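Visitor: File follows, target_0.cif with mmCIF, C-alpha atoms:
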```cif
data_work
loop_
_atom_site.group_PDB
_atom_site.id
_atom_site.type_symbol
_atom_site.label_atom_id
_atom_site.label_comp_id
_atom_site.auth_asym_id
_atom_site.auth_seq_id
_atom_site.Cartn_x
_atom_site.Cartn_y
_atom_site.Cartn_z
ATOM 1 C CA MET A 1 85.831 101.001 116.846
ATOM 2 C CA ALA A 2 86.782 99.742 113.402
ATOM 3 C CA THR A 3 86.243 96.111 112.414
ATOM 4 C CA LEU A 4 89.383 94.064 113.021
ATOM 5 C CA ARG A 5 91.471 94.116 109.843
ATOM 6 C CA HIS A 6 95.093 93.192 109.174
ATOM 7 C CA PHE A 7 97.484 94.373 106.447
ATOM 8 C CA LEU A 8 99.737 91.402 105.756
ATOM 9 C CA GLN A 9 99.926 91.686 101.969
ATOM 10 C CA MET A 10 98.729 94.124 99.347
ATOM 11 C CA LYS A 11 95.578 92.217 98.440
ATOM 12 C CA ASP A 12 94.280 92.395 102.040
ATOM 13 C CA LEU A 13 92.719 95.761 101.152
ATOM 14 C CA ALA A 14 90.348 96.390 98.244
ATOM 15 C CA LYS A 15 91.106 98.920 95.519
ATOM 16 C CA ASP A 16 88.658 101.490 96.940
ATOM 17 C CA GLU A 17 90.180 101.115 100.415
ATOM 18 C CA LEU A 18 93.682 101.665 99.056
ATOM 19 C CA ALA A 19 92.451 104.683 97.087
ATOM 20 C CA TYR A 20 90.958 106.017 100.326
ATOM 21 C CA LEU A 21 94.348 105.537 102.031
ATOM 22 C CA PHE A 22 96.039 107.623 99.342
ATOM 23 C CA ASP A 23 93.444 110.390 99.810
ATOM 24 C CA ARG A 24 94.031 110.330 103.562
ATOM 25 C CA THR A 25 97.803 110.315 103.014
ATOM 26 C CA ARG A 26 97.534 113.566 101.050
ATOM 27 C CA ILE A 27 95.606 115.195 103.897
ATOM 28 C CA ILE A 28 97.843 113.849 106.662
ATOM 29 C CA LYS A 29 101.022 114.827 104.804
ATOM 30 C CA ALA A 30 99.722 118.359 104.177
ATOM 31 C CA ARG A 31 99.007 118.756 107.899
ATOM 32 C CA PHE A 32 102.501 117.523 108.737
ATOM 33 C CA LYS A 33 104.056 120.041 106.333
ATOM 34 C CA ALA A 34 101.933 122.838 107.819
ATOM 35 C CA TYR A 35 102.934 121.886 111.403
ATOM 36 C CA GLN A 36 99.291 121.241 112.284
ATOM 37 C CA ARG A 37 98.824 118.941 115.252
ATOM 38 C CA TYR A 38 96.654 115.936 114.422
ATOM 39 C CA TRP A 39 96.215 113.375 117.201
ATOM 40 C CA PRO A 40 93.457 110.913 116.221
ATOM 41 C CA LEU A 41 95.317 108.057 117.920
ATOM 42 C CA GLN A 42 95.886 109.767 121.252
ATOM 43 C CA ASP A 43 96.484 107.194 124.027
ATOM 44 C CA ARG A 44 96.798 104.350 121.476
ATOM 45 C CA THR A 45 99.891 102.118 121.585
ATOM 46 C CA LEU A 46 101.768 100.573 118.674
ATOM 47 C CA VAL A 47 104.033 97.598 119.386
ATOM 48 C CA MET A 48 106.811 97.118 116.818
ATOM 49 C CA ILE A 49 108.364 93.639 116.726
ATOM 50 C CA PHE A 50 111.633 93.324 114.812
ATOM 51 C CA GLU A 51 113.335 90.081 113.870
ATOM 52 C CA LYS A 52 115.061 91.773 110.903
ATOM 53 C CA ALA A 53 117.114 94.958 111.214
ATOM 54 C CA SER A 54 115.616 98.230 109.993
ATOM 55 C CA THR A 55 116.146 101.963 109.628
ATOM 56 C CA ARG A 56 113.217 103.322 107.602
ATOM 57 C CA THR A 57 110.596 100.903 108.926
ATOM 58 C CA ARG A 58 111.319 101.599 112.578
ATOM 59 C CA LEU A 59 111.704 105.344 112.138
ATOM 60 C CA SER A 60 108.592 105.779 109.983
ATOM 61 C CA PHE A 61 106.327 103.725 112.251
ATOM 62 C CA GLU A 62 107.676 105.105 115.521
ATOM 63 C CA ALA A 63 107.668 108.739 114.398
ATOM 64 C CA GLY A 64 104.326 108.256 112.667
ATOM 65 C CA MET A 65 102.597 106.902 115.759
ATOM 66 C CA HIS A 66 103.947 109.774 117.874
ATOM 67 C CA GLN A 67 102.781 112.297 115.257
ATOM 68 C CA LEU A 68 99.275 110.806 115.455
ATOM 69 C CA GLY A 69 99.270 111.307 119.241
ATOM 70 C CA GLY A 70 100.024 107.726 120.257
ATOM 71 C CA SER A 71 103.066 105.914 121.563
ATOM 72 C CA ALA A 72 105.284 103.207 120.092
ATOM 73 C CA ILE A 73 107.122 100.378 121.841
ATOM 74 C CA TYR A 74 110.100 98.682 120.179
ATOM 75 C CA LEU A 75 110.641 94.957 120.749
ATOM 76 C CA ASN A 76 113.500 92.992 119.247
ATOM 77 C CA THR A 77 113.091 89.226 119.258
ATOM 78 C CA ARG A 78 116.634 88.910 120.678
ATOM 79 C CA ASP A 79 115.483 90.814 123.759
ATOM 80 C CA SER A 80 112.098 89.154 124.273
ATOM 81 C CA GLN A 81 110.650 85.722 124.963
ATOM 82 C CA LEU A 82 109.883 85.366 121.233
ATOM 83 C CA GLY A 83 113.617 84.933 120.755
ATOM 84 C CA ARG A 84 113.712 82.266 123.462
ATOM 85 C CA GLY A 85 111.169 79.943 121.928
ATOM 86 C CA GLU A 86 107.818 81.327 123.097
ATOM 87 C CA PRO A 87 105.151 80.223 120.603
ATOM 88 C CA VAL A 88 104.113 82.977 118.205
ATOM 89 C CA GLU A 89 100.472 82.292 119.085
ATOM 90 C CA ASP A 90 101.087 82.850 122.814
ATOM 91 C CA ALA A 91 102.982 86.068 122.145
ATOM 92 C CA ALA A 92 100.115 87.326 119.985
ATOM 93 C CA GLU A 93 97.546 86.624 122.698
ATOM 94 C CA VAL A 94 99.547 88.589 125.286
ATOM 95 C CA ILE A 95 100.874 91.464 123.166
ATOM 96 C CA SER A 96 97.478 92.169 121.603
ATOM 97 C CA ARG A 97 95.921 92.494 125.087
ATOM 98 C CA MET A 98 98.427 95.212 126.009
ATOM 99 C CA SER A 99 98.424 97.289 122.816
ATOM 100 C CA ASP A 100 96.152 98.669 120.110
ATOM 101 C CA ILE A 101 98.049 97.759 116.944
ATOM 102 C CA VAL A 102 101.117 95.653 116.091
ATOM 103 C CA MET A 103 103.710 95.919 113.321
ATOM 104 C CA ILE A 104 105.999 92.942 112.682
ATOM 105 C CA ARG A 105 109.159 92.739 110.567
ATOM 106 C CA THR A 106 110.213 89.105 110.325
ATOM 107 C CA TYR A 107 111.277 86.306 107.997
ATOM 108 C CA GLU A 108 108.594 83.839 106.865
ATOM 109 C CA GLN A 109 105.132 85.152 106.007
ATOM 110 C CA GLU A 110 103.744 82.201 107.956
ATOM 111 C CA ILE A 111 104.989 83.755 111.206
ATOM 112 C CA ILE A 112 103.010 86.953 110.748
ATOM 113 C CA GLU A 113 99.949 85.017 109.554
ATOM 114 C CA ARG A 114 100.041 82.891 112.725
ATOM 115 C CA PHE A 115 100.459 85.984 114.892
ATOM 116 C CA ALA A 116 97.531 87.753 113.228
ATOM 117 C CA SER A 117 95.262 84.739 113.623
ATOM 118 C CA HIS A 118 95.670 84.994 117.436
ATOM 119 C CA SER A 119 95.699 88.797 117.714
ATOM 120 C CA ARG A 120 92.875 90.923 119.095
ATOM 121 C CA VAL A 121 94.239 94.012 117.345
ATOM 122 C CA PRO A 122 95.288 94.908 113.782
ATOM 123 C CA VAL A 123 98.605 93.490 112.590
ATOM 124 C CA ILE A 124 100.743 95.179 109.901
ATOM 125 C CA ASN A 125 103.419 93.499 107.836
ATOM 126 C CA GLY A 126 106.564 95.625 108.152
ATOM 127 C CA LEU A 127 108.412 93.177 105.844
ATOM 128 C CA THR A 128 108.652 89.417 105.392
ATOM 129 C CA ASN A 129 110.623 87.288 102.959
ATOM 130 C CA GLU A 130 107.547 87.143 100.743
ATOM 131 C CA TYR A 131 106.018 90.651 100.856
ATOM 132 C CA HIS A 132 106.684 94.303 101.728
ATOM 133 C CA PRO A 133 103.251 95.951 101.357
ATOM 134 C CA CYS A 134 103.997 99.160 103.289
ATOM 135 C CA GLN A 135 106.838 99.926 100.868
ATOM 136 C CA ILE A 136 104.593 99.598 97.828
ATOM 137 C CA LEU A 137 101.931 101.785 99.457
ATOM 138 C CA ALA A 138 104.567 104.513 99.656
ATOM 139 C CA ASP A 139 105.858 103.822 96.145
ATOM 140 C CA ILE A 140 102.446 104.050 94.489
ATOM 141 C CA PHE A 141 101.554 107.183 96.437
ATOM 142 C CA THR A 142 104.854 108.724 95.300
ATOM 143 C CA PHE A 143 104.055 107.877 91.686
ATOM 144 C CA ILE A 144 100.592 109.438 92.039
ATOM 145 C CA GLU A 145 102.121 112.608 93.531
ATOM 146 C CA HIS A 146 104.476 112.994 90.579
ATOM 147 C CA ARG A 147 102.544 111.552 87.632
ATOM 148 C CA GLY A 148 98.905 110.982 88.597
ATOM 149 C CA PRO A 149 97.040 107.644 88.484
ATOM 150 C CA ILE A 150 99.136 104.522 87.963
ATOM 151 C CA GLN A 151 96.378 102.617 86.150
ATOM 152 C CA GLY A 152 97.505 101.589 82.666
ATOM 153 C CA LYS A 153 101.142 102.517 83.318
ATOM 154 C CA SER A 154 104.226 100.354 82.861
ATOM 155 C CA VAL A 155 106.606 99.550 85.740
ATOM 156 C CA ALA A 156 109.979 97.933 84.990
ATOM 157 C CA TRP A 157 111.372 95.840 87.817
ATOM 158 C CA ILE A 158 115.084 95.124 87.275
ATOM 159 C CA GLY A 159 116.942 92.630 89.456
ATOM 160 C CA ASP A 160 115.932 90.061 92.065
ATOM 161 C CA SER A 161 112.334 88.813 92.194
ATOM 162 C CA ASN A 162 112.186 89.415 95.941
ATOM 163 C CA ASN A 163 109.498 90.494 98.421
ATOM 164 C CA VAL A 164 109.269 94.016 96.966
ATOM 165 C CA CYS A 165 108.876 92.634 93.454
ATOM 166 C CA ASN A 166 106.174 90.213 94.648
ATOM 167 C CA THR A 167 104.238 93.091 96.169
ATOM 168 C CA TRP A 168 104.506 95.188 93.004
ATOM 169 C CA LEU A 169 102.968 92.245 91.156
ATOM 170 C CA GLN A 170 100.069 92.087 93.626
ATOM 171 C CA ALA A 171 99.554 95.849 93.352
ATOM 172 C CA ALA A 172 99.449 95.629 89.550
ATOM 173 C CA GLU A 173 96.456 93.298 89.767
ATOM 174 C CA VAL A 174 94.669 95.675 92.137
ATOM 175 C CA PHE A 175 95.371 98.921 90.254
ATOM 176 C CA ASP A 176 95.458 97.558 86.680
ATOM 177 C CA PHE A 177 98.981 98.397 85.542
ATOM 178 C CA LYS A 178 101.773 96.279 84.043
ATOM 179 C CA VAL A 179 104.974 95.094 85.720
ATOM 180 C CA ARG A 180 107.767 94.141 83.332
ATOM 181 C CA VAL A 181 110.253 92.015 85.292
ATOM 182 C CA SER A 182 113.803 91.197 84.242
ATOM 183 C CA THR A 183 115.923 88.929 86.423
ATOM 184 C CA PRO A 184 119.048 86.847 85.798
ATOM 185 C CA PRO A 185 118.449 83.161 84.993
ATOM 186 C CA GLY A 186 117.502 81.258 88.142
ATOM 187 C CA TYR A 187 116.001 84.293 89.884
ATOM 188 C CA GLU A 188 112.697 84.479 87.977
ATOM 189 C CA VAL A 189 109.342 85.311 89.539
ATOM 190 C CA GLU A 190 107.628 82.386 91.254
ATOM 191 C CA ALA A 191 103.962 82.951 90.468
ATOM 192 C CA GLU A 192 102.653 80.941 93.431
ATOM 193 C CA ARG A 193 104.979 82.666 95.923
ATOM 194 C CA ALA A 194 104.003 86.073 94.546
ATOM 195 C CA GLY A 195 100.314 85.182 94.827
ATOM 196 C CA LEU A 196 99.584 85.934 91.164
ATOM 197 C CA HIS A 197 96.202 85.130 89.651
ATOM 198 C CA GLY A 198 97.384 85.292 86.030
ATOM 199 C CA THR A 199 99.764 87.048 83.654
ATOM 200 C CA ASP A 200 97.576 89.926 82.454
ATOM 201 C CA HIS A 201 99.571 92.414 84.548
ATOM 202 C CA PHE A 202 102.975 90.764 84.413
ATOM 203 C CA GLU A 203 105.662 90.067 81.798
ATOM 204 C CA GLN A 204 109.061 88.426 82.264
ATOM 205 C CA PHE A 205 112.079 89.505 80.168
ATOM 206 C CA ALA A 206 115.521 87.959 79.850
ATOM 207 C CA ASP A 207 116.975 91.308 78.704
ATOM 208 C CA PRO A 208 116.664 94.178 81.218
ATOM 209 C CA MET A 209 116.953 96.764 78.438
ATOM 210 C CA VAL A 210 113.841 95.332 76.801
ATOM 211 C CA ALA A 211 111.995 95.343 80.139
ATOM 212 C CA ALA A 212 112.811 99.031 80.629
ATOM 213 C CA ARG A 213 111.747 100.051 77.116
ATOM 214 C CA GLY A 214 108.925 102.614 77.319
ATOM 215 C CA ALA A 215 108.502 102.229 81.090
ATOM 216 C CA ASP A 216 106.859 104.967 83.166
ATOM 217 C CA LEU A 217 108.752 103.820 86.250
ATOM 218 C CA VAL A 218 112.002 101.887 86.647
ATOM 219 C CA THR A 219 112.618 100.386 90.060
ATOM 220 C CA THR A 220 115.024 97.968 91.685
ATOM 221 C CA ASP A 221 116.358 96.731 95.015
ATOM 222 C CA VAL A 222 119.606 95.379 96.431
ATOM 223 C CA TRP A 223 120.892 92.205 94.834
ATOM 224 C CA THR A 224 121.349 90.476 98.194
ATOM 225 C CA SER A 225 118.373 90.796 100.523
ATOM 226 C CA MET A 226 118.552 90.174 104.283
ATOM 227 C CA GLY A 227 118.865 86.470 104.970
ATOM 228 C CA PHE A 228 120.770 85.758 101.754
ATOM 229 C CA GLU A 229 124.156 87.198 102.741
ATOM 230 C CA ALA A 230 125.895 83.843 102.212
ATOM 231 C CA GLU A 231 125.041 84.146 98.499
ATOM 232 C CA ASN A 232 126.486 87.647 98.124
ATOM 233 C CA GLU A 233 129.547 86.839 95.982
ATOM 234 C CA GLU A 234 127.548 84.571 93.679
ATOM 235 C CA ARG A 235 124.810 87.186 93.331
ATOM 236 C CA LEU A 236 127.310 89.934 92.474
ATOM 237 C CA ARG A 237 128.423 87.814 89.523
ATOM 238 C CA ASP A 238 124.925 86.745 88.472
ATOM 239 C CA PHE A 239 123.445 90.258 88.551
ATOM 240 C CA ALA A 240 126.374 92.132 86.963
ATOM 241 C CA ASP A 241 124.381 92.949 83.798
ATOM 242 C CA TRP A 242 121.259 94.048 85.721
ATOM 243 C CA GLN A 243 122.480 97.420 86.994
ATOM 244 C CA VAL A 244 120.055 100.273 86.364
ATOM 245 C CA ASP A 245 122.271 102.800 84.587
ATOM 246 C CA ALA A 246 121.780 105.877 82.419
ATOM 247 C CA GLU A 247 121.561 103.794 79.223
ATOM 248 C CA MET A 248 118.728 101.736 80.681
ATOM 249 C CA MET A 249 116.883 104.859 81.820
ATOM 250 C CA ARG A 250 117.157 106.281 78.285
ATOM 251 C CA ALA A 251 115.302 103.204 77.007
ATOM 252 C CA ALA A 252 112.317 104.198 79.170
ATOM 253 C CA ARG A 253 109.976 107.156 78.648
ATOM 254 C CA SER A 254 111.520 110.618 78.702
ATOM 255 C CA ASP A 255 109.596 111.447 81.902
ATOM 256 C CA VAL A 256 110.372 108.112 83.601
ATOM 257 C CA LEU A 257 110.730 107.992 87.381
ATOM 258 C CA PHE A 258 113.315 105.941 89.256
ATOM 259 C CA MET A 259 112.577 104.358 92.641
ATOM 260 C CA HIS A 260 114.535 102.244 95.116
ATOM 261 C CA CYS A 261 113.283 101.186 98.561
ATOM 262 C CA LEU A 262 116.765 101.784 100.078
ATOM 263 C CA PRO A 263 119.377 101.213 101.354
ATOM 264 C CA ALA A 264 121.053 101.375 97.936
ATOM 265 C CA HIS A 265 124.473 100.220 96.792
ATOM 266 C CA ARG A 266 125.693 102.678 94.168
ATOM 267 C CA GLY A 267 127.715 100.846 91.561
ATOM 268 C CA GLU A 268 125.837 97.593 92.095
ATOM 269 C CA GLU A 269 122.086 97.507 91.435
ATOM 270 C CA VAL A 270 122.002 101.190 90.473
ATOM 271 C CA ALA A 271 124.497 103.679 89.069
ATOM 272 C CA ALA A 272 125.113 106.826 91.100
ATOM 273 C CA GLU A 273 124.128 108.961 88.096
ATOM 274 C CA VAL A 274 120.653 107.398 88.202
ATOM 275 C CA ILE A 275 119.821 107.393 91.916
ATOM 276 C CA ASP A 276 121.256 110.906 92.283
ATOM 277 C CA GLY A 277 119.927 112.082 88.931
ATOM 278 C CA PRO A 278 116.874 114.081 87.790
ATOM 279 C CA HIS A 279 114.541 111.075 87.355
ATOM 280 C CA SER A 280 115.087 109.786 90.886
ATOM 281 C CA VAL A 281 112.356 110.277 93.493
ATOM 282 C CA VAL A 282 113.883 108.019 96.149
ATOM 283 C CA TRP A 283 113.865 110.667 98.901
ATOM 284 C CA ASP A 284 110.178 111.474 98.379
ATOM 285 C CA GLU A 285 109.562 107.725 98.287
ATOM 286 C CA ALA A 286 111.363 107.236 101.624
ATOM 287 C CA GLU A 287 109.491 110.107 103.298
ATOM 288 C CA ASN A 288 106.168 108.799 102.067
ATOM 289 C CA ARG A 289 106.622 105.639 104.121
ATOM 290 C CA LEU A 290 105.869 107.908 107.089
ATOM 291 C CA HIS A 291 102.693 109.410 105.676
ATOM 292 C CA THR A 292 101.154 106.325 104.045
ATOM 293 C CA GLN A 293 101.702 104.305 107.211
ATOM 294 C CA LYS A 294 100.030 106.985 109.305
ATOM 295 C CA ALA A 295 97.005 106.755 107.010
ATOM 296 C CA LEU A 296 97.122 102.959 107.281
ATOM 297 C CA MET A 297 97.212 102.946 111.091
ATOM 298 C CA GLU A 298 94.400 105.492 111.243
ATOM 299 C CA PHE A 299 92.270 103.330 108.931
ATOM 300 C CA LEU A 300 92.942 100.052 110.755
ATOM 301 C CA LEU A 301 92.116 101.605 114.134
ATOM 302 C CA LEU A 302 89.344 104.066 113.288
ATOM 303 C CA GLY A 303 87.962 102.985 109.903
ATOM 304 C CA ARG A 304 87.113 105.689 107.392
ATOM 305 C CA VAL A 305 87.168 109.178 108.883
ATOM 306 C CA GLU A 306 85.619 112.337 107.498
ATOM 307 C CA ASP A 307 87.251 115.701 108.167
#
```
Can I see the file as structure tokens?
Guide:
Amino acid sequence: MATLRHFLQMKDLAKDELAYLFDRTRIIKARFKAYQRYWPLQDRTLVMIFEKASTRTRLSFEAGMHQLGGSAIYLNTRDSQLGRGEPVEDAAEVISRMSDIVMIRTYEQEIIERFASHSRVPVINGLTNEYHPCQILADIFTFIEHRGPIQGKSVAWIGDSNNVCNTWLQAAEVFDFKVRVSTPPGYEVEAERAGLHGTDHFEQFADPMVAARGADLVTTDVWTSMGFEAENEERLRDFADWQVDAEMMRAARSDVLFMHCLPAHRGEEVAAEVIDGPHSVVWDEAENRLHTQKALMEFLLLGRVED
């Protein structure tokens, strides 16, 4: 039995542990592609708790747990006592006695921290307002697949300094690469919220074209994240000059990659010619959520395995 560990933000795992996860992801993905059955989590149960809607997170975790031989149970807070005022701590005590691992997709990071502090089993952050660590696991693995190690590389983040951006900034400190962020005025990175320890791996730019200059990877996200729908019209105006288009991609390296965590709005944060163009790896990126999360669940439940 592995020591109880949680994955609530990127810095919860050390660099060597994350490198191990990427090695395991390669092996697990190769087995999946070769139709080789691999059931290390047979008879284990994953509980998935959703307060925010999802497509990729639910599908990748549910399919992933089944592919590892276990089972997955979907709970929506609207359909459970959590949505009727049951304390998070009480829910954690009960749910963790009836399952082997829990994934939560919710709003405030504090909620998942409170749940984890009362859980007997590993807890995974499937997304909060502050962080989206499973997405960045998949993104970095995708970069490694296409371009090799990310250390020393330059990542341009264009758009809102949201949970995905915060997690890129944490990852940059772990893996020693640079994130060049460009946001409209009023949407800049909040260093404390992002959990930054300094500015060695982070630069802020007023001009998105300057941020993209010479980048190895250009990435973005929707302008209006879940929970901010009331600001949609204002954000459409504020972010109008922050669309990732072909001109911006030309400012980057000739072999630049484009990523987006999806769903995407063509014509808003990204031009169709970019997301559907030759530099885009968004479909590999989406698939790799499945494989990196399988490696993560295996590690949290079994520790390091040798095979």
Visitor: Which one is closest to Lys33 in chain A: A:Asp176, A:Glu229, A:Glu298, A:Glu287? Count all atoms listed in the file.
Guide: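 Under the stated criterion, the closest residue is A:Glu287.
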Visitor: Under the rule that all atoms listed in the file are counted, which of A:Asn76, A:Asn232, A:Ser99, A:Asn288 is the nearest residue to Val123 in chain A?
Guide: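 That would be A:Ser99, the residue with the smallest distance to Val123 in chain A.
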Visitor: Quick one: of A:Ala246, A:Leu169, A:Ile275, A:Val155, who's nearest to Pro133 in chain A, counting only C-alpha atoms?
Guide: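 Comparing A:Ala246, A:Leu169, A:Ile275, A:Val155 against Pro133 in chain A, the winner is A:Leu169.
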Visitor: Considering only C-alpha atoms, state which residue in the set A:Pro122, A:Gly186, A:Gly69, A:Gly267 is at the smallest distance from Pro40 in chain A.
Guide: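 Selected residue with least distance to Pro40 in chain A: A:Gly69.
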Visitor: Written as a PyMOL selection string, which residues does the PyMOL selection byres ((chain A and resi 166) around 8) give for the file shown?
Guide: chain A and resi 130-131+161-165+167-170+189+193-195
Visitor: Residues near range 2-9 of chain A, anyone? I mean within 8 Å using only C-alpha atoms, not counting same-chain ones fewer than 3 positions away, as number ranges by chain.
Guide: A: 12-13, 112-113, 116, 120-125, 131-133, 167, 299-303
Visitor: One decimal, Å: what's the distance from CA of Thr142 in chain A over to CA of Glu285 in chain A, could you say?
Guide: 5.7 Å
Visitor: Exactly which residues make up the result of the PyMOL selection byres ((chain A and resi 207-222) around 7) on this file, given as a ChimeraX atom specification?
Guide: /A:153-159,180-182,205-206,223-225,242,248,251-253,256-261,264-265,269
Visitor: Please enumerate the residues selected by the PyMOL selection byres ((chain A and resi 106) around 6) when evaluated against the supplied file, formatted as a list in words.
Guide: Glu51, Lys52, Arg105, Tyr107 and Thr128 of chain A
Visitor: Give me, please, the distance in Å between CA of Leu290 in chain A and CA of Ile140 in chain A, quoted to one decimal.
Guide: 13.6 Å
Visitor: Would you compute the box with edges along x, y and z of the file around range 173-180 of chain A, including every atom the file lists for it and 5 Å extra on each side, and give its centre and edge lengths in Å to one decimal, as AutoDock Vina command-line options?
Guide:
```
--center_x 101.2 --center_y 96.1 --center_z 87.7 --size_x 23.1 --size_y 15.6 --size_z 18.8
```
Visitor: Would you please work out which residue, of A:Met65, A:Ala240, A:Leu18, A:Ile28, is nearest to Leu41 in chain A when using only C-alpha atoms?
Guide: A:Met65
Visitor: May I have the residues within 10 Å of His118 in chain A as a list in words, using only C-alpha atoms and disregarding those fewer than 4 positions away in the same chain?
Guide: Val88, Glu89, Asp90, Ala91, Ala92, Glu93, Val94, Ser96, Glu113 and Arg114 of chain A
Visitor: Using all atoms listed in the file, which protein or nucleic acid residues come within 9 Å of Lys29 in chain A? Drop anything in the same chain fewer than 2 positions from it, and give the result as a ChimeraX atom specification.
Guide: /A:24-27,31-34,288,290-292
Visitor: For a quick check of understanding, using all atoms listed in the file, which of A:Asp79, A:Asp16, A:Asp100, A:Asp139 has the smallest distance to Met297 in chain A?
Guide: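 The shortest atom-to-atom distance to Met297 in chain A comes from A:Asp100.
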Visitor: Could you tell me how far CA of Val244 in chain A lies from CA of Phe141 in chain A, in Å and to one decimal?
Guide: 22.2 Å
